[in-house]
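Text of target06.txt (compact mmCIF, C-alpha atoms) as supplied:
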# COMPACT_ATOMS: atom_id res chain seq x y z
CA MET A 28 109.68 48.99 42.57
CA ARG A 29 107.74 46.66 44.79
CA MET A 30 104.06 47.25 45.47
CA ASN A 31 103.17 49.30 48.51
CA ARG A 32 103.16 47.18 51.68
CA LEU A 33 101.05 47.68 54.75
CA ALA A 34 102.50 47.94 58.21
CA ALA A 35 102.88 45.00 60.54
CA THR A 36 99.37 45.54 61.83
CA MET A 37 98.02 44.42 58.47
CA ALA A 38 99.57 40.99 58.99
CA ALA A 39 97.48 40.67 62.14
CA VAL A 40 94.34 41.85 60.30
CA LEU A 41 94.82 39.27 57.56
CA ALA A 42 95.72 36.46 59.92
CA THR A 43 92.66 37.19 62.05
CA ALA A 44 90.38 37.34 59.01
CA LEU A 45 91.64 34.03 57.69
CA ALA A 46 91.55 32.33 61.07
CA ALA A 47 87.95 33.43 61.56
CA GLY A 48 86.95 31.41 58.51
CA CYS A 49 88.84 28.27 59.53
CA SER A 50 87.25 25.21 61.04
CA GLY A 51 90.34 24.37 63.07
CA GLY A 52 92.65 26.27 65.35
CA GLY A 53 95.37 27.08 62.85
CA SER A 54 96.37 30.37 64.41
CA SER A 55 99.20 29.14 66.60
CA ALA A 56 102.65 29.48 65.10
CA GLU A 57 104.94 26.50 64.90
CA PRO A 58 108.52 27.54 65.69
CA ALA A 59 110.83 27.27 62.71
CA PRO A 60 114.60 27.07 63.07
CA GLN A 61 116.36 30.30 62.21
CA THR A 62 119.73 29.21 60.99
CA THR A 63 122.59 30.90 59.21
CA THR A 64 125.18 29.71 56.76
CA ALA A 65 127.80 29.08 59.41
CA ALA A 66 130.86 27.14 58.32
CA ALA A 67 130.25 24.63 61.13
CA GLY A 68 127.44 22.88 59.31
CA PRO A 69 124.96 22.88 56.44
CA VAL A 70 122.21 25.41 55.88
CA LYS A 71 119.01 24.02 57.37
CA LEU A 72 115.72 24.94 55.73
CA VAL A 73 112.17 24.30 56.94
CA TYR A 74 109.43 23.85 54.33
CA TRP A 75 105.74 24.00 55.26
CA THR A 76 103.58 22.02 52.83
CA TRP A 77 100.39 19.95 52.76
CA ALA A 78 101.19 17.94 49.62
CA PRO A 79 101.70 14.23 50.40
CA ASN A 80 105.16 12.63 50.46
CA MET A 81 107.07 15.88 50.17
CA ASP A 82 109.47 14.46 52.75
CA LYS A 83 110.49 11.83 50.18
CA ILE A 84 111.17 14.53 47.60
CA ALA A 85 113.16 16.54 50.12
CA ALA A 86 115.17 13.41 50.94
CA ALA A 87 116.19 13.13 47.29
CA TRP A 88 117.41 16.75 47.44
CA ASN A 89 119.19 16.23 50.75
CA ALA A 90 121.09 13.23 49.43
CA LYS A 91 122.64 15.33 46.67
CA ASN A 92 123.00 18.62 48.55
CA PRO A 93 124.76 18.05 51.86
CA ASP A 94 125.31 21.80 52.29
CA ILE A 95 121.57 22.61 52.12
CA GLN A 96 119.33 20.30 54.11
CA VAL A 97 115.53 20.60 53.94
CA THR A 98 113.10 19.48 56.64
CA VAL A 99 109.46 19.14 55.62
CA SER A 100 106.78 20.13 58.14
CA LYS A 101 103.38 18.75 57.11
CA GLN A 102 100.57 21.28 57.42
CA ALA A 103 96.82 21.42 56.99
CA GLY A 104 95.72 22.95 53.73
CA GLY A 105 93.44 25.86 52.88
CA ASP A 106 92.73 28.79 55.18
CA ASP A 107 94.24 27.01 58.18
CA ALA A 108 97.66 26.89 56.54
CA ALA A 109 97.46 30.51 55.38
CA ALA A 110 96.45 31.81 58.80
CA LYS A 111 99.19 29.83 60.52
CA PHE A 112 101.86 31.12 58.16
CA LEU A 113 100.77 34.75 58.56
CA THR A 114 100.84 34.37 62.33
CA ALA A 115 104.33 32.86 62.20
CA ALA A 116 105.55 35.64 59.90
CA LYS A 117 104.20 38.32 62.22
CA ALA A 118 105.88 36.62 65.18
CA GLY A 119 109.19 36.61 63.33
CA ASN A 120 109.65 32.84 63.12
CA PRO A 121 108.25 31.70 59.76
CA PRO A 122 109.50 28.64 57.90
CA ASP A 123 112.01 29.34 55.15
CA LEU A 124 109.60 28.08 52.48
CA VAL A 125 105.84 27.69 52.32
CA GLN A 126 103.41 26.10 49.91
CA ALA A 127 101.05 28.93 48.98
CA GLU A 128 97.80 28.65 47.09
CA TYR A 129 97.72 31.18 44.26
CA GLN A 130 94.68 32.99 45.66
CA MET A 131 96.37 33.36 49.06
CA LEU A 132 99.71 34.65 47.78
CA PRO A 133 98.60 38.34 47.60
CA SER A 134 97.60 38.19 51.26
CA PHE A 135 101.12 37.07 52.08
CA VAL A 136 102.57 39.86 49.96
CA ALA A 137 100.39 42.51 51.59
CA ALA A 138 101.52 41.30 55.01
CA ASP A 139 105.19 41.54 53.95
CA ALA A 140 105.47 37.82 54.70
CA VAL A 141 107.03 36.54 51.46
CA ALA A 142 110.01 37.75 49.47
CA ASP A 143 110.04 39.29 46.00
CA LEU A 144 112.06 36.77 44.00
CA SER A 145 111.91 38.51 40.64
CA ALA A 146 115.69 38.85 40.34
CA GLU A 147 116.55 35.35 41.52
CA ILE A 148 114.02 33.33 39.50
CA ALA A 149 113.81 35.31 36.26
CA SER A 150 115.59 32.53 34.36
CA ALA A 151 112.93 30.03 35.44
CA LYS A 152 110.11 31.96 33.75
CA ALA A 153 110.67 30.13 30.47
CA GLU A 154 109.63 26.86 32.15
CA PHE A 155 106.05 28.06 32.67
CA SER A 156 103.17 29.36 30.58
CA GLU A 157 102.33 33.05 30.63
CA GLY A 158 99.04 32.34 32.37
CA ILE A 159 100.54 30.43 35.30
CA TRP A 160 103.39 32.94 35.71
CA ARG A 161 100.77 35.66 36.05
CA MET A 162 99.44 33.84 39.12
CA VAL A 163 102.67 34.52 41.05
CA THR A 164 103.15 38.08 39.78
CA LEU A 165 101.78 41.24 41.40
CA GLY A 166 102.06 44.62 39.76
CA THR A 167 104.46 45.00 36.87
CA GLU A 168 107.63 43.71 38.50
CA GLY A 169 107.09 41.66 41.65
CA VAL A 170 107.29 37.85 41.41
CA TYR A 171 106.66 36.21 44.76
CA ALA A 172 106.87 32.45 44.25
CA LEU A 173 107.67 29.57 41.89
CA PRO A 174 104.56 27.94 40.40
CA GLN A 175 104.29 24.39 41.71
CA ASP A 176 101.03 22.82 40.58
CA SER A 177 98.11 24.11 38.57
CA GLY A 178 94.49 23.36 37.78
CA PRO A 179 93.82 24.19 34.11
CA MET A 180 90.13 23.74 33.34
CA MET A 181 88.62 21.52 30.67
CA LEU A 182 85.30 19.91 29.87
CA TYR A 183 84.72 16.40 31.23
CA TYR A 184 81.88 14.61 29.43
CA ARG A 185 80.26 11.19 29.06
CA GLN A 186 81.16 10.01 25.56
CA ASP A 187 78.52 7.29 25.41
CA LEU A 188 75.64 9.38 26.66
CA LEU A 189 76.29 12.41 24.48
CA LYS A 190 76.21 10.00 21.56
CA LYS A 191 72.99 8.44 22.89
CA TYR A 192 71.25 11.83 22.97
CA GLY A 193 72.64 12.89 19.60
CA VAL A 194 74.75 15.70 21.02
CA GLU A 195 78.17 16.71 19.73
CA VAL A 196 80.89 17.81 22.15
CA PRO A 197 80.19 21.57 22.33
CA LYS A 198 82.94 23.81 21.03
CA THR A 199 81.27 27.07 22.07
CA TRP A 200 79.18 28.05 25.08
CA GLU A 201 76.29 28.74 22.70
CA GLN A 202 76.53 25.13 21.53
CA TYR A 203 76.71 23.97 25.15
CA ALA A 204 73.45 25.79 25.93
CA GLN A 205 71.73 24.25 22.91
CA ALA A 206 73.04 20.80 23.84
CA ALA A 207 71.66 21.29 27.35
CA ARG A 208 68.23 22.03 25.88
CA THR A 209 68.40 19.00 23.58
CA VAL A 210 69.27 16.64 26.42
CA ARG A 211 66.40 17.93 28.57
CA GLU A 212 63.94 17.56 25.70
CA LYS A 213 64.96 13.94 25.14
CA ASP A 214 65.05 12.96 28.81
CA PRO A 215 63.67 15.29 31.52
CA LYS A 216 65.54 13.29 34.18
CA VAL A 217 68.94 14.13 32.70
CA PHE A 218 71.01 17.33 32.76
CA LEU A 219 74.02 18.19 30.62
CA GLY A 220 75.56 20.09 33.52
CA THR A 221 74.99 21.98 36.74
CA PHE A 222 75.86 25.34 38.26
CA SER A 223 77.44 25.20 41.71
CA SER A 224 76.90 28.18 43.98
CA LYS A 225 79.32 26.66 46.50
CA ASP A 226 82.45 26.80 44.35
CA PRO A 227 83.72 30.32 43.65
CA GLY A 228 87.06 28.87 42.53
CA ALA A 229 85.39 27.17 39.58
CA PHE A 230 83.54 30.37 38.67
CA ALA A 231 86.82 32.32 38.91
CA GLY A 232 88.40 29.93 36.40
CA LEU A 233 85.51 30.40 33.98
CA ALA A 234 85.81 34.17 34.42
CA GLN A 235 89.54 33.96 33.65
CA GLN A 236 88.71 32.12 30.44
CA ALA A 237 86.44 35.01 29.44
CA GLY A 238 89.25 37.53 30.05
CA ALA A 239 88.28 38.80 33.51
CA GLN A 240 90.71 40.71 35.76
CA TRP A 241 89.20 40.83 39.24
CA TRP A 242 92.07 42.65 40.93
CA SER A 243 94.89 44.74 39.55
CA ILE A 244 97.53 47.11 40.87
CA ALA A 245 97.92 50.67 39.59
CA GLY A 246 100.98 52.28 41.12
CA GLU A 247 100.46 52.01 44.86
CA SER A 248 96.73 51.30 44.65
CA TRP A 249 94.51 48.29 44.15
CA LYS A 250 91.69 48.24 41.61
CA VAL A 251 88.79 45.82 42.17
CA ALA A 252 86.66 44.67 39.22
CA VAL A 253 84.94 41.46 40.30
CA ASP A 254 81.93 42.60 38.26
CA ASP A 255 83.84 43.49 35.10
CA PRO A 256 82.14 42.94 31.69
CA ALA A 257 83.80 39.56 31.13
CA THR A 258 82.57 38.22 34.47
CA ARG A 259 79.09 39.63 34.00
CA LYS A 260 78.94 37.76 30.69
CA VAL A 261 79.78 34.52 32.48
CA ALA A 262 77.28 35.23 35.27
CA ASP A 263 74.45 36.13 32.89
CA TYR A 264 75.10 32.99 30.83
CA TRP A 265 74.87 30.55 33.72
CA GLY A 266 72.09 32.48 35.40
CA GLY A 267 70.07 32.27 32.22
CA LEU A 268 70.53 28.50 31.95
CA VAL A 269 69.54 27.99 35.58
CA LYS A 270 66.46 30.16 35.22
CA GLU A 271 65.50 28.36 32.01
CA GLY A 272 65.83 25.05 33.83
CA VAL A 273 68.04 23.40 31.22
CA ILE A 274 70.90 22.80 33.64
CA ASP A 275 70.75 21.70 37.25
CA ASP A 276 71.62 23.91 40.23
CA GLN A 277 73.01 21.07 42.36
CA PRO A 278 76.34 22.07 44.00
CA TYR A 279 79.44 20.03 43.29
CA PHE A 280 80.75 17.37 45.68
CA THR A 281 77.43 16.65 47.37
CA PRO A 282 76.00 13.12 47.68
CA GLU A 283 73.32 14.07 45.15
CA TRP A 284 75.90 15.34 42.67
CA ASN A 285 78.01 12.22 43.12
CA LYS A 286 74.96 10.03 42.45
CA ALA A 287 74.10 11.96 39.28
CA LEU A 288 77.63 11.53 37.95
CA ASN A 289 77.57 7.84 38.76
CA ASP A 290 74.13 6.96 37.40
CA GLY A 291 74.47 8.93 34.17
CA THR A 292 71.94 11.68 34.84
CA LEU A 293 74.66 14.36 34.77
CA LEU A 294 76.62 14.30 31.53
CA SER A 295 79.38 16.89 31.83
CA TRP A 296 81.49 18.84 34.28
CA PRO A 297 83.66 21.91 33.51
CA SER A 298 86.48 21.13 35.91
CA ALA A 299 90.25 21.08 36.37
CA VAL A 300 92.99 18.63 35.55
CA TRP A 301 92.60 17.00 38.96
CA GLY A 302 89.14 15.76 37.93
CA PRO A 303 90.10 12.09 37.37
CA GLY A 304 90.57 11.55 41.10
CA VAL A 305 87.12 12.94 41.86
CA LEU A 306 85.42 10.94 39.13
CA SER A 307 87.12 7.65 39.93
CA THR A 308 86.07 7.97 43.57
CA ASN A 309 82.55 9.34 43.13
CA ALA A 310 81.47 7.85 39.80
CA PRO A 311 83.05 4.39 39.56
CA LYS A 312 80.38 3.20 37.08
CA GLY A 313 81.65 5.74 34.57
CA LYS A 314 85.13 4.26 34.25
CA GLY A 315 86.17 4.22 30.60
CA LYS A 316 83.14 6.31 29.59
CA TRP A 317 84.28 9.86 30.41
CA ALA A 318 86.61 11.94 28.24
CA ILE A 319 88.03 15.46 28.18
CA ALA A 320 87.93 18.27 25.64
CA PRO A 321 88.80 21.98 25.78
CA LEU A 322 86.27 24.19 27.50
CA PRO A 323 83.63 25.57 25.13
CA GLN A 324 84.70 28.99 23.87
CA TRP A 325 82.88 32.30 23.95
CA SER A 326 83.64 32.96 20.28
CA GLU A 327 84.25 30.39 17.60
CA GLY A 328 87.95 30.11 16.80
CA GLU A 329 89.14 31.20 20.27
CA ASN A 330 91.25 28.90 22.40
CA PHE A 331 91.30 29.89 26.08
CA SER A 332 90.91 28.21 29.44
CA GLY A 333 91.28 29.25 33.08
CA PHE A 334 92.60 27.84 36.35
CA TRP A 335 90.73 26.21 39.20
CA GLY A 336 93.18 25.59 42.03
CA GLY A 337 96.91 25.20 42.28
CA SER A 338 99.73 26.36 44.50
CA SER A 339 103.24 27.78 44.51
CA THR A 340 106.43 27.67 46.55
CA ALA A 341 107.23 30.97 48.27
CA VAL A 342 110.22 32.07 50.37
CA ALA A 343 109.59 33.86 53.64
CA GLU A 344 110.67 37.49 53.70
CA LYS A 345 112.43 36.91 57.03
CA SER A 346 114.22 33.71 56.08
CA PRO A 347 117.93 34.11 56.87
CA ASN A 348 118.69 31.57 54.15
CA ARG A 349 117.04 33.16 51.16
CA ALA A 350 119.58 32.10 48.52
CA ALA A 351 119.48 28.49 49.65
CA ALA A 352 115.68 28.53 49.83
CA VAL A 353 115.43 29.90 46.28
CA LYS A 354 117.79 27.20 45.06
CA PHE A 355 115.65 24.45 46.56
CA ALA A 356 112.36 26.00 45.35
CA THR A 357 113.72 26.27 41.81
CA TRP A 358 114.93 22.66 41.84
CA LEU A 359 111.61 21.43 43.29
CA ASN A 360 109.52 22.98 40.54
CA THR A 361 111.73 22.80 37.44
CA ASP A 362 114.25 19.97 37.78
CA PRO A 363 113.17 16.86 35.80
CA GLU A 364 113.82 14.51 38.73
CA ALA A 365 111.93 16.70 41.18
CA VAL A 366 109.01 17.32 38.83
CA GLY A 367 108.77 13.61 38.18
CA MET A 368 108.54 13.01 41.92
CA LEU A 369 105.86 15.68 42.27
CA VAL A 370 103.83 13.46 39.97
CA SER A 371 104.76 10.03 41.33
CA GLU A 372 104.96 10.87 45.04
CA ALA A 373 102.85 13.99 45.61
CA ALA A 374 100.24 13.07 42.97
CA ILE A 375 99.90 16.62 41.67
CA TYR A 376 99.83 18.14 38.19
CA PRO A 377 103.07 20.12 37.86
CA ALA A 378 102.93 23.74 36.74
CA VAL A 379 105.79 23.43 34.22
CA SER A 380 104.71 23.77 30.62
CA ASP A 381 105.75 20.28 29.55
CA ALA A 382 103.98 18.53 32.43
CA GLY A 383 102.18 16.12 30.12
CA SER A 384 105.40 14.55 28.90
CA ARG A 385 106.29 13.70 32.52
CA LEU A 386 103.04 11.88 33.27
CA GLY A 387 103.20 8.75 31.12
CA SER A 388 100.05 6.73 30.45
CA ALA A 389 96.52 8.07 30.91
CA PRO A 390 94.79 7.76 34.30
CA GLU A 391 93.28 4.28 34.62
CA TYR A 392 89.78 5.79 34.79
CA PHE A 393 90.41 7.32 31.33
CA SER A 394 91.81 4.21 29.68
CA ASN A 395 89.57 5.02 26.71
CA GLN A 396 91.53 8.25 26.10
CA GLU A 397 95.19 7.33 25.71
CA ASP A 398 96.25 10.91 24.97
CA PHE A 399 94.64 12.27 28.14
CA TRP A 400 97.81 13.93 29.47
CA GLN A 401 98.84 15.25 26.07
CA GLN A 402 95.45 16.91 25.71
CA ALA A 403 95.64 18.25 29.25
CA THR A 404 99.05 19.80 28.54
CA THR A 405 97.78 21.45 25.35
CA ILE A 406 94.80 22.86 27.22
CA ALA A 407 96.99 24.05 30.11
CA ALA A 408 99.00 26.22 27.74
CA THR A 409 95.83 28.16 26.86
CA ALA A 410 94.82 28.92 30.46
CA ARG A 411 94.56 32.57 31.39
CA GLY A 412 95.36 33.53 34.94
CA PHE A 413 94.73 36.76 36.77
CA THR A 414 95.94 38.67 39.79
CA PHE A 415 94.16 37.65 42.96
CA GLY A 416 93.57 40.25 45.65
CA PRO A 417 94.55 40.36 49.31
CA ASN A 418 91.03 39.53 50.55
CA VAL A 419 90.06 36.58 48.39
CA ASN A 420 88.55 34.83 51.41
CA VAL A 421 86.10 37.72 51.86
CA ALA A 422 85.25 37.85 48.15
CA TYR A 423 84.69 34.10 47.97
CA SER A 424 82.49 34.10 51.07
CA ALA A 425 80.42 36.97 49.65
CA TRP A 426 80.18 35.12 46.34
CA LYS A 427 78.76 31.99 47.96
CA ASP A 428 76.20 33.99 49.94
CA ALA A 429 75.09 36.07 46.96
CA PHE A 430 74.93 33.21 44.47
CA ASP A 431 73.21 30.86 46.92
CA LYS A 432 70.46 33.46 47.16
CA ALA A 433 70.36 34.02 43.39
CA VAL A 434 70.00 30.28 42.71
CA ARG A 435 67.34 29.89 45.39
CA ASP A 436 65.33 32.90 44.20
CA LYS A 437 66.06 32.40 40.47
CA SER A 438 67.17 36.04 40.51
CA SER A 439 69.80 37.89 38.50
CA PHE A 440 73.33 36.51 38.68
CA SER A 441 74.65 39.91 37.61
CA SER A 442 73.01 41.49 40.62
CA ALA A 443 74.63 38.85 42.81
CA LEU A 444 77.98 39.74 41.24
CA ALA A 445 77.45 43.42 42.03
CA THR A 446 76.90 42.45 45.67
CA VAL A 447 80.23 40.58 45.68
CA GLN A 448 81.95 43.64 44.23
CA GLU A 449 80.51 45.92 46.90
CA SER A 450 81.44 43.55 49.72
CA THR A 451 84.99 43.09 48.44
CA VAL A 452 85.62 46.82 48.04
CA ALA A 453 84.11 47.64 51.43
CA ASP A 454 86.32 45.08 53.15
CA MET A 455 89.48 46.39 51.47
CA ARG A 456 88.66 49.94 52.51
CA LYS A 457 87.96 48.81 56.07
CA SER A 458 91.29 46.96 56.18
CA GLY A 459 93.19 50.07 55.06
CA PHE A 460 94.07 49.21 51.47
CA GLN A 461 94.51 52.09 49.07
CA LEU A 462 92.06 51.78 46.18
CA ALA A 463 92.29 53.37 42.77
CA ARG A 464 89.44 55.68 41.89

Take the structure in this file and express it as structure tokens.
Amino acid sequence: MRMNRLAATMAAVLATALAAGCSGGGSSAEPAPQTTTAAAGPVKLVYWTWAPNMDKIAAAWNAKNPDIQVTVSKQAGGDDAAAKFLTAAKAGNPPDLVQAEYQMLPSFVAADAVADLSAEIASAKAEFSEGIWRMVTLGTEGVYALPQDSGPMMLYYRQDLLKKYGVEVPKTWEQYAQAARTVREKDPKVFLGTFSSKDPGAFAGLAQQAGAQWWSIAGESWKVAVDDPATRKVADYWGGLVKEGVIDDQPYFTPEWNKALNDGTLLSWPSAVWGPGVLSTNAPKGKGKWAIAPLPQWSEGENFSGFWGGSSTAVAEKSPNRAAAVKFATWLNTDPEAVGMLVSEAAIYPAVSDAGSRLGSAPEYFSNQEDFWQQATTIAATARGFTFGPNVNVAYSAWKDAFDKAVRDKSSFSSALATVQESTVADMRKSGFQLAR
């Protein structure tokens, strides 16, 4: 049985909430052709996506499938894309397929905007890890998309500088904390790492690694546990390091952070598989000096990671060409030719389990680590996912506000987490979601 859906008014609530957080005017719906499988011509599908060069990948499909022709409509990413799709779904003219970030997919489900594909794509499950499959699953039965790309997390570190300061690559978070202290003692201008209060997605991935489950579905009700014990452990750990002063509190992706990466005063970064692009652009002096390793573990002998980022391919609930859309989505995300093009043309890390074998040589920036992609694939298989909720945008906004304040005041990160929990629950109640007691 599918999870309980809200009425059409909920689609408007979600679209309005997302649009309110967008910088652009993504609330206007773009008409999408509503075609049928008439004998007079091929099925025509429209696919909304922001990934680059998807039109080239669709062209490869079209050349071999004259009866199912796909037109790519390039979209903005992030909240803009989500709000626009929800608006189009409410208006009754969505595209047949849409690229959906994992954290936005539950919003689409709650708005009855995407189809439950559990019956049609069950055979594809074997192509993906358990963790990534969990990201497209809600409840015990509903599967609402094909995983497309993923962001398994790992530890990026400066090989030369860890050696300089006599620090081993930490295998546990306890070792990471001690290494951070050692680095600071040897050079007060240098930090092993930083905590970013601007990036809830990164924190969510670290919480996943620890075994967190922020949202879950019990029957027809949602349960919210943003402040569960696993997440509190993560919050207390990083809050303690910030308060102690042994790691920096500089947010990611700022000019100051870029400079620290480039000049060697920031030695590590727990990030996702897409990290090479960021490092090559922002820290060119570090080329050939950075390497990757699994995230430090909470207990010695464990082997877990989490996800930061990634997206899926969903089929609109109101698409009149569902079977054809499922066929294309399955090909796009599992066929060797298509997956190879996702790498070569769209420059993304595919979600399929054997992604590393499709990627060839290491990124040029990591020429010192020839097995970069093999290591990334091994790490990806250990990544835990979790169910996102229908108001991730509210939770993430509350997280940034609460953790900004905690960093500024050097106050309790656990207390900040409790504030996020309260804000998330209050918003779900206000929006009409049924919550488990």

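With all atoms listed in the file as the atoms that count, the residue of A:Gln96, A:Gln186, A:Thr76, A:Asn289 with the shortest distance to Gln396 of chain A is A:Gln186.
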
What lies within 8 Å of Phe399 of chain A using only C-alpha atoms, ignoring chain neighbours under 3 positions off, as number ranges by chain?
-> A: 319, 389-390, 393, 396, 402-403

List every residue of segment 118-167 of chain A that has an atom at most 12 Å from any atom of segment 447-460 of chain A, and for each one report the closest atom pair and its distance in Å to one decimal, counting all atoms listed in the file, with rows sorted by chain and then by increasing residue number, as a Markdown table.
| residue | atom | partner | partner_atom | distance |
| --- | --- | --- | --- | --- |
| A:Ser134 | CA | A:Met455 | CA | 11.5 |
| A:Ala137 | CA | A:Phe460 | CA | 9.2 |
| A:Ala138 | CA | A:Phe460 | CA | 11.4 |

Long-range neighbours of segment 336-340 of chain A as a ChimeraX atom specification, 7 Å cut-off, only C-alpha atoms, 4 positions minimum in chain = /A:124-129,172-178,228,356

Mind dumping the selected residues with C-alpha atoms as a compact mmCIF listing (two decimals), keeping the file's coordinate frame?
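Result file follows (part01.txt):
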# COMPACT_ATOMS: atom_id res chain seq x y z
CA LEU A 124 109.60 28.08 52.48
CA VAL A 125 105.84 27.69 52.32
CA GLN A 126 103.41 26.10 49.91
CA ALA A 127 101.05 28.93 48.98
CA GLU A 128 97.80 28.65 47.09
CA TYR A 129 97.72 31.18 44.26
CA ALA A 172 106.87 32.45 44.25
CA LEU A 173 107.67 29.57 41.89
CA PRO A 174 104.56 27.94 40.40
CA GLN A 175 104.29 24.39 41.71
CA ASP A 176 101.03 22.82 40.58
CA SER A 177 98.11 24.11 38.57
CA GLY A 178 94.49 23.36 37.78
CA GLY A 228 87.06 28.87 42.53
CA ALA A 356 112.36 26.00 45.35

Write out as a PyMOL selection string which residues come within 8 Å of Ala85 of chain A when counting only C-alpha atoms, dropping same-chain ones fewer than 2 positions away.
-> chain A and resi 81-83+87-89+97-99

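Nearest-residue note for Phe112 of chain A: choosing from A:Ala425, A:Ser295, A:Val163, A:Glu344, the minimum distance belongs to A:Glu344, counting only C-alpha atoms.
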
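Taking atom CA of Tyr203 of chain A and atom CA of Phe222 of chain A as the two end points, the separation is 13.2 Å.
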
Please identify all polymer residues within 10 Å of Ala146 of chain A, counting all atoms listed in the file, omitting same-chain residues fewer than 2 positions from it, and present them as a list in words.
-> Asp143, Leu144, Ile148, Ala149, Ser150, Glu168, Gly169 and Val170 of chain A

Name all residues at most 7 Å from segment 365-380 of chain A (count all atoms listed in the file; drop same-chain ones fewer than 2 positions away) and give them as number ranges by chain.
-> A: 78-81, 84, 154-156, 174-177, 358-363, 382, 385-386, 408

Exercise: residues within 12 Å of coordinate (102.7, 45.1, 40.7), counting all atoms listed in the file, as a PDB file with C-alpha atoms, in the coordinates of the input:
ATOM      1  CA  MET A  28     109.680  48.990  42.570  1.00  0.00           C
ATOM      2  CA  ARG A  29     107.740  46.660  44.790  1.00  0.00           C
ATOM      3  CA  MET A  30     104.060  47.250  45.470  1.00  0.00           C
ATOM      4  CA  ASN A  31     103.170  49.300  48.510  1.00  0.00           C
ATOM      5  CA  ARG A  32     103.160  47.180  51.680  1.00  0.00           C
ATOM      6  CA  PRO A 133      98.600  38.340  47.600  1.00  0.00           C
ATOM      7  CA  VAL A 136     102.570  39.860  49.960  1.00  0.00           C
ATOM      8  CA  ALA A 137     100.390  42.510  51.590  1.00  0.00           C
ATOM      9  CA  ASP A 143     110.040  39.290  46.000  1.00  0.00           C
ATOM     10  CA  SER A 145     111.910  38.510  40.640  1.00  0.00           C
ATOM     11  CA  ARG A 161     100.770  35.660  36.050  1.00  0.00           C
ATOM     12  CA  MET A 162      99.440  33.840  39.120  1.00  0.00           C
ATOM     13  CA  VAL A 163     102.670  34.520  41.050  1.00  0.00           C
ATOM     14  CA  THR A 164     103.150  38.080  39.780  1.00  0.00           C
ATOM     15  CA  LEU A 165     101.780  41.240  41.400  1.00  0.00           C
ATOM     16  CA  GLY A 166     102.060  44.620  39.760  1.00  0.00           C
ATOM     17  CA  THR A 167     104.460  45.000  36.870  1.00  0.00           C
ATOM     18  CA  GLU A 168     107.630  43.710  38.500  1.00  0.00           C
ATOM     19  CA  GLY A 169     107.090  41.660  41.650  1.00  0.00           C
ATOM     20  CA  VAL A 170     107.290  37.850  41.410  1.00  0.00           C
ATOM     21  CA  TYR A 171     106.660  36.210  44.760  1.00  0.00           C
ATOM     22  CA  TRP A 242      92.070  42.650  40.930  1.00  0.00           C
ATOM     23  CA  SER A 243      94.890  44.740  39.550  1.00  0.00           C
ATOM     24  CA  ILE A 244      97.530  47.110  40.870  1.00  0.00           C
ATOM     25  CA  ALA A 245      97.920  50.670  39.590  1.00  0.00           C
ATOM     26  CA  GLY A 246     100.980  52.280  41.120  1.00  0.00           C
ATOM     27  CA  GLU A 247     100.460  52.010  44.860  1.00  0.00           C
ATOM     28  CA  SER A 248      96.730  51.300  44.650  1.00  0.00           C
ATOM     29  CA  TRP A 249      94.510  48.290  44.150  1.00  0.00           C
ATOM     30  CA  LYS A 250      91.690  48.240  41.610  1.00  0.00           C
ATOM     31  CA  THR A 414      95.940  38.670  39.790  1.00  0.00           C
ATOM     32  CA  PHE A 415      94.160  37.650  42.960  1.00  0.00           C
ATOM     33  CA  GLY A 416      93.570  40.250  45.650  1.00  0.00           C
TER      34      GLY A 416
END

Between A:Leu219, A:Ala118, A:Ala109, A:Met180, smallest distance to Gly333 of chain A by all atoms listed in the file belongs to A:Met180
